[in-house]
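Comments concern the structure below.
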Amino acid sequence: MSLLPGTNKVILYLAFCILLTGCVKDIDLDQAEKISLSPDLDVDLLIYDISEEYFFRSENNVFQPVIRDTVRLEFLDDDYIQKDLTEVEFYFRHINTFPQGFSHTIKFLSDAGREQILIQYEVAPGNSNNPVTTDYTEIIEENRINLIRNSIQMVVELEAHPNSKEFKGKLEFASTGLFKFDF
Amino acid sequence: MRCWPFITFLFGFSLLSAQNKPLLYNVDDLPQSLMLNPGAQIDYKGHVGLPFLSQIHFSAGTSGVSLHDIFRDDGTNINSRIREAMHSMTSYDHFTVNEQVEVISLGWQLDKRNYLSTGIYQELDFFSYFPKDLAILVNEGNANYINDIFDFSEAAFTGEIMAVYHLGLNHRFDQRLTVGIRGKLYSGIFNAESTGNTGTFTTVATPEGPNKYRHIVENMDVQVNTSGFASLNEEEGMTVEEGTAELLKRSFFGGNVGVGMDLGLSYLVTEQFVASASVQDIGVMFQRENVESYHYYGSYQTDGLEPLFPDLDETGRAIPYWDDFEDEVDKNLIDRTYNDPYVTWRPAKFNLAIEYGFGQAFLPCNYLVVNKVRYMNQIGMNLAGVLRPRGLVYSFTTYWDKKLTEKQRFRIAHTLDDYSLANFGLMYSVTFNKFNLYLAANNILGFRDLAKARSTSVQLGMQMVFKDL
């Protein structure tokens, strides 16, 4: 007995036809080759907060206008940097209460100490009541990205420019790197 | 347009539904209904499945995205579409794949009240929630998500491959009540799971702080347990044959073992109404062999490396800022690998159903046999659920089951689940003499364009079913 005489087999036939001819339309699986991950990672790099005593030798208290330090950034040697890094945007910020200006130099060196990238800018003088902020951005685009890949050391150098005012104050430094990848 | 045969899709292409099989539930002349409800009412006295062919089941589903959403050929950039899909999904969207192949299936009537069934089947089950935060972090990075919290707890998945040895008893208590129980021994081939993770990663803007940002990992506690993976991974020279032999060995209790059970009942509320309920795979696996677990935990925050000026320390050596930083990170964000046994619970399932029969069948007149009243049509409702790491995943099915003749039967069903609101399924079963063949497929409308289907499932099989011995 059938609720819908004669139609049952037609329904079944049509349904299984649909199943057996199941297909995918309007897609292109070859696009899988174009799939990439493109994260932009904003990371902190170096910070310091120094005062006038950093410019006096500890052993004899003699003023030295230039101080420097070197930090090895071992992650620059990692695979994801070597293969997939496309662009870096460095951001540097100084907040200065010294009434003197500074020349700030950042060098990226290879493991052998060869200079790859040189970044120089002037830090504006401030005063204790009015800290002055100096921002600087350096973009290393794809055509220069090999220089980052060749680097492993970051040298930070500060040269004070003494003037008639008392050499006293604080200099805060912040730096970040926006690393753009294409995996 | 590319059209691939359905069979290619079935075996080679994964896009696909919930793990329950509503199209086979309470089909009283298919032995597979006993696997869904050991207390099902049955209409045969024995069965023998064709080895490896009595049931081939494959189902898969994605609740948030379809193949078409990602791979549509409309000239737009695929990476933009992936990004769009990631943002449209939530961390409660999930992906699931389940596959079962019955290796052996047989059963026989012990007496008028008891039916014994046994067999072996192999099962693969994979379930993962979409870890939205982590996916966005990996795909887009943190630059556009300053102050946003990336939550590690969104990462939760389970995956296992096993062989299941089972023995079940279906007992007709009286004219109204049928109950059943099935004991199961699990032989684990592979397991991987990561559930109950906690922790967050945030890049916080710090206008008053020492740097522009602060990176904070807070209360991270992430664990991934695996069994059956480490030895395959370590054996570099292992050939495909050796790998297959190793996996086969594990399927015969050469690896990890577990126990479980199914329970079920059917109750004739009236002559025409049948209520039934079952729970499957209330089971536990003891993962002891070939175990490797990875645990990451701790809290840490950083504003960057801080050079001390001068360039050299008191001993005249360059100060190893980076090494010190790594040591500090390693001390606070700890990474451990263990080989300790662990326990996993099988994804338990439940079914609740009510069925109404109408259109009484004309049964062959035989005064030696007491035939129960049977109906040519049944309409029913089935609420099913599978227990997953964050709770039950439900589906609700309504169906019309129709016996065309004594030998042919079909069922049309509509299922509401996380994957689709228009999921129509179809089951057809035919018996030639004692040889039974059945095919069931969910979401048949999706077969018109599988790329747009977010789920589907297929069961097919063949077996000998004996109504008279």
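Residue numbering restarts at 1 for every chain of the structure tokens, chains are lettered A, B, ... in their displayed order, and ligands are numbered from 1 as they appear.
Excluding range 165-173 of chain B and any residue on its chain fewer than 5 positions from it, the residues at most 6 Å away by only C-alpha atoms are B:Pro38, B:Gly39, B:Arg113, B:Asn114, B:Tyr115, B:Leu116, B:Ser117, B:Thr118, B:Gly119, B:Ile120, B:Thr178, B:Val179, B:Gly180, B:Ile181, B:Arg182, B:Gly183, B:Lys184, B:Leu185.
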Item to check | Backbone-only DSSP, strand (DSSP E or B) members of range 64-305 of chain B, as a PyMOL selection string | outcome: chain B and resi 72+94-109+114-129+149-151+157-172+177-194+198-205+213-227+256-268+273-287+291-302+305
Checklist entry - range 107-120 of chain A: which residues within 6 Å, counting only C-alpha atoms, same-chain residues fewer than 2 positions away excluded, as a ChimeraX atom specification? => result /A:104-105,147,150-155
Checklist entry - CA of Ala163 in chain B and CA of Leu124 in chain B, how far apart in Å? => result 8.9 Å
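Distances here use only C-alpha atoms; by that measure, the residue among B:Gly391, B:Thr198, B:Gln223, B:Asp417 closest to Tyr129 in chain B is B:Gly391.
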Next on the checklist: Contacts from chain A to chain B, 7 Å maximum, only C-alpha atoms: show me the residue list as number ranges by chain.
Outcome noted: A: 2, 18-29, 31, 35-42, 44-48, 67-74, 174-175
Selection to disk with N, CA and C atoms, as an mmCIF file, in the first residue's frame:
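Resulting contents of out_33.cif:
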```
data_model
loop_
_atom_site.group_PDB
_atom_site.id
_atom_site.type_symbol
_atom_site.label_atom_id
_atom_site.label_comp_id
_atom_site.auth_asym_id
_atom_site.auth_seq_id
_atom_site.Cartn_x
_atom_site.Cartn_y
_atom_site.Cartn_z
ATOM 1 N N SER A 2 0.491 2.193 -0.721
ATOM 2 C CA SER A 2 1.323 3.390 -0.798
ATOM 3 C C SER A 2 0.499 4.627 -0.490
ATOM 4 N N ILE A 18 20.479 12.179 -7.710
ATOM 5 C CA ILE A 18 21.184 13.339 -7.133
ATOM 6 C C ILE A 18 22.458 12.872 -6.439
ATOM 7 N N LEU A 19 22.328 11.780 -5.651
ATOM 8 C CA LEU A 19 23.485 11.279 -4.917
ATOM 9 C C LEU A 19 24.604 10.853 -5.858
ATOM 10 N N LEU A 20 24.217 10.091 -6.860
ATOM 11 C CA LEU A 20 25.237 9.516 -7.725
ATOM 12 C C LEU A 20 25.873 10.538 -8.656
ATOM 13 N N THR A 21 25.203 11.639 -8.836
ATOM 14 C CA THR A 21 25.799 12.675 -9.693
ATOM 15 C C THR A 21 26.264 13.857 -8.861
ATOM 16 N N GLY A 22 26.454 13.630 -7.578
ATOM 17 C CA GLY A 22 26.918 14.706 -6.705
ATOM 18 C C GLY A 22 28.163 15.359 -7.274
ATOM 19 N N CYS A 23 28.197 16.665 -7.262
ATOM 20 C CA CYS A 23 29.340 17.328 -7.877
ATOM 21 C C CYS A 23 29.673 18.617 -7.128
ATOM 22 N N VAL A 24 30.820 19.141 -7.460
ATOM 23 C CA VAL A 24 31.204 20.433 -6.908
ATOM 24 C C VAL A 24 31.261 21.435 -8.050
ATOM 25 N N LYS A 25 30.716 22.614 -7.813
ATOM 26 C CA LYS A 25 30.618 23.596 -8.888
ATOM 27 C C LYS A 25 31.345 24.886 -8.505
ATOM 28 N N ASP A 26 31.847 25.524 -9.530
ATOM 29 C CA ASP A 26 32.368 26.890 -9.406
ATOM 30 C C ASP A 26 33.441 27.045 -8.337
ATOM 31 N N ILE A 27 34.229 26.011 -8.182
ATOM 32 C CA ILE A 27 35.362 26.170 -7.266
ATOM 33 C C ILE A 27 36.637 25.786 -7.998
ATOM 34 N N ASP A 28 37.735 26.280 -7.503
ATOM 35 C CA ASP A 28 39.021 25.972 -8.111
ATOM 36 C C ASP A 28 39.979 25.595 -6.988
ATOM 37 N N LEU A 29 40.184 24.289 -6.855
ATOM 38 C CA LEU A 29 41.030 23.819 -5.754
ATOM 39 C C LEU A 29 42.510 24.148 -5.978
ATOM 40 N N GLN A 31 43.635 26.852 -6.277
ATOM 41 C CA GLN A 31 43.934 28.072 -5.513
ATOM 42 C C GLN A 31 44.645 27.754 -4.206
ATOM 43 N N ILE A 35 47.467 29.879 -1.098
ATOM 44 C CA ILE A 35 47.152 30.178 0.309
ATOM 45 C C ILE A 35 48.436 30.545 1.052
ATOM 46 N N SER A 36 48.392 31.638 1.740
ATOM 47 C CA SER A 36 49.567 32.034 2.531
ATOM 48 C C SER A 36 49.105 32.664 3.838
ATOM 49 N N LEU A 37 49.991 32.615 4.807
ATOM 50 C CA LEU A 37 49.741 33.305 6.070
ATOM 51 C C LEU A 37 50.546 34.591 6.024
ATOM 52 N N SER A 38 49.924 35.689 6.374
ATOM 53 C CA SER A 38 50.636 36.970 6.316
ATOM 54 C C SER A 38 50.522 37.725 7.631
ATOM 55 N N PRO A 39 51.099 37.180 8.695
ATOM 56 C CA PRO A 39 50.978 37.883 9.969
ATOM 57 C C PRO A 39 51.888 39.108 10.045
ATOM 58 N N ASP A 40 51.391 40.139 10.677
ATOM 59 C CA ASP A 40 52.188 41.327 10.985
ATOM 60 C C ASP A 40 52.399 41.326 12.501
ATOM 61 N N LEU A 41 53.630 41.089 12.894
ATOM 62 C CA LEU A 41 53.911 40.958 14.324
ATOM 63 C C LEU A 41 54.598 42.213 14.836
ATOM 64 N N ASP A 42 53.970 42.833 15.797
ATOM 65 C CA ASP A 42 54.536 44.028 16.415
ATOM 66 C C ASP A 42 55.206 43.599 17.717
ATOM 67 N N ASP A 44 58.208 44.293 20.866
ATOM 68 C CA ASP A 44 59.112 45.201 21.569
ATOM 69 C C ASP A 44 60.545 44.792 21.282
ATOM 70 N N LEU A 45 61.416 45.787 21.120
ATOM 71 C CA LEU A 45 62.834 45.472 20.938
ATOM 72 C C LEU A 45 63.604 45.906 22.187
ATOM 73 N N LEU A 46 64.205 47.089 22.131
ATOM 74 C CA LEU A 46 65.045 47.523 23.257
ATOM 75 C C LEU A 46 64.399 48.686 23.994
ATOM 76 N N ILE A 47 64.713 48.753 25.258
ATOM 77 C CA ILE A 47 64.328 49.925 26.055
ATOM 78 C C ILE A 47 65.520 50.326 26.919
ATOM 79 N N TYR A 48 65.605 51.580 27.214
ATOM 80 C CA TYR A 48 66.519 51.994 28.285
ATOM 81 C C TYR A 48 66.007 53.288 28.887
ATOM 82 N N ILE A 67 78.299 56.768 24.468
ATOM 83 C CA ILE A 67 78.132 55.454 25.108
ATOM 84 C C ILE A 67 77.455 54.540 24.099
ATOM 85 N N ARG A 68 77.740 53.256 24.234
ATOM 86 C CA ARG A 68 77.115 52.306 23.300
ATOM 87 C C ARG A 68 76.936 50.962 23.982
ATOM 88 N N ASP A 69 76.056 50.186 23.419
ATOM 89 C CA ASP A 69 75.876 48.802 23.876
ATOM 90 C C ASP A 69 75.442 47.969 22.684
ATOM 91 N N THR A 70 75.703 46.699 22.806
ATOM 92 C CA THR A 70 75.378 45.782 21.704
ATOM 93 C C THR A 70 74.482 44.664 22.222
ATOM 94 N N VAL A 71 73.443 44.394 21.469
ATOM 95 C CA VAL A 71 72.527 43.303 21.836
ATOM 96 C C VAL A 71 72.447 42.346 20.665
ATOM 97 N N ARG A 72 72.668 41.093 20.953
ATOM 98 C CA ARG A 72 72.493 40.092 19.890
ATOM 99 C C ARG A 72 71.012 39.738 19.795
ATOM 100 N N LEU A 73 70.469 39.848 18.616
ATOM 101 C CA LEU A 73 69.065 39.475 18.394
ATOM 102 C C LEU A 73 69.055 38.129 17.675
ATOM 103 N N GLU A 74 69.168 37.087 18.477
ATOM 104 C CA GLU A 74 69.362 35.748 17.897
ATOM 105 C C GLU A 74 68.196 35.325 17.008
ATOM 106 N N ALA A 174 62.470 53.821 23.748
ATOM 107 C CA ALA A 174 61.582 52.680 23.464
ATOM 108 C C ALA A 174 61.751 52.319 21.999
ATOM 109 N N SER A 175 61.656 51.066 21.677
ATOM 110 C CA SER A 175 61.759 50.670 20.260
ATOM 111 C C SER A 175 60.927 49.420 20.004
#
```
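Picture a line from CA of Gln122 in chain B to CA of Ser187 in chain B; it runs 9.3 Å.
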Item to check | Test item, alpha helix (DSSP H) assignment across range 93-179 of chain A, answer as a PyMOL selection string | outcome: chain A and resi 145-149
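A straight line drawn from CA of Tyr44 in chain B to CA of Phe350 in chain B is 24.4 Å long.
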Next on the checklist: Env of Tyr294 in chain B: 8 Å cut, atoms = only C-alpha atoms, seq-sep filter 5 positions within chain, self excluded. Answer as a list in words.
Outcome noted: Gln223, Val224, Asn225, Asp335, Arg336, Thr337 and Tyr338 of chain B
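In this comparison, which uses only C-alpha atoms, the residue of B:Tyr186, B:Trp108, B:Phe58, B:Tyr121 approaching Trp345 in chain B most closely is B:Tyr186.
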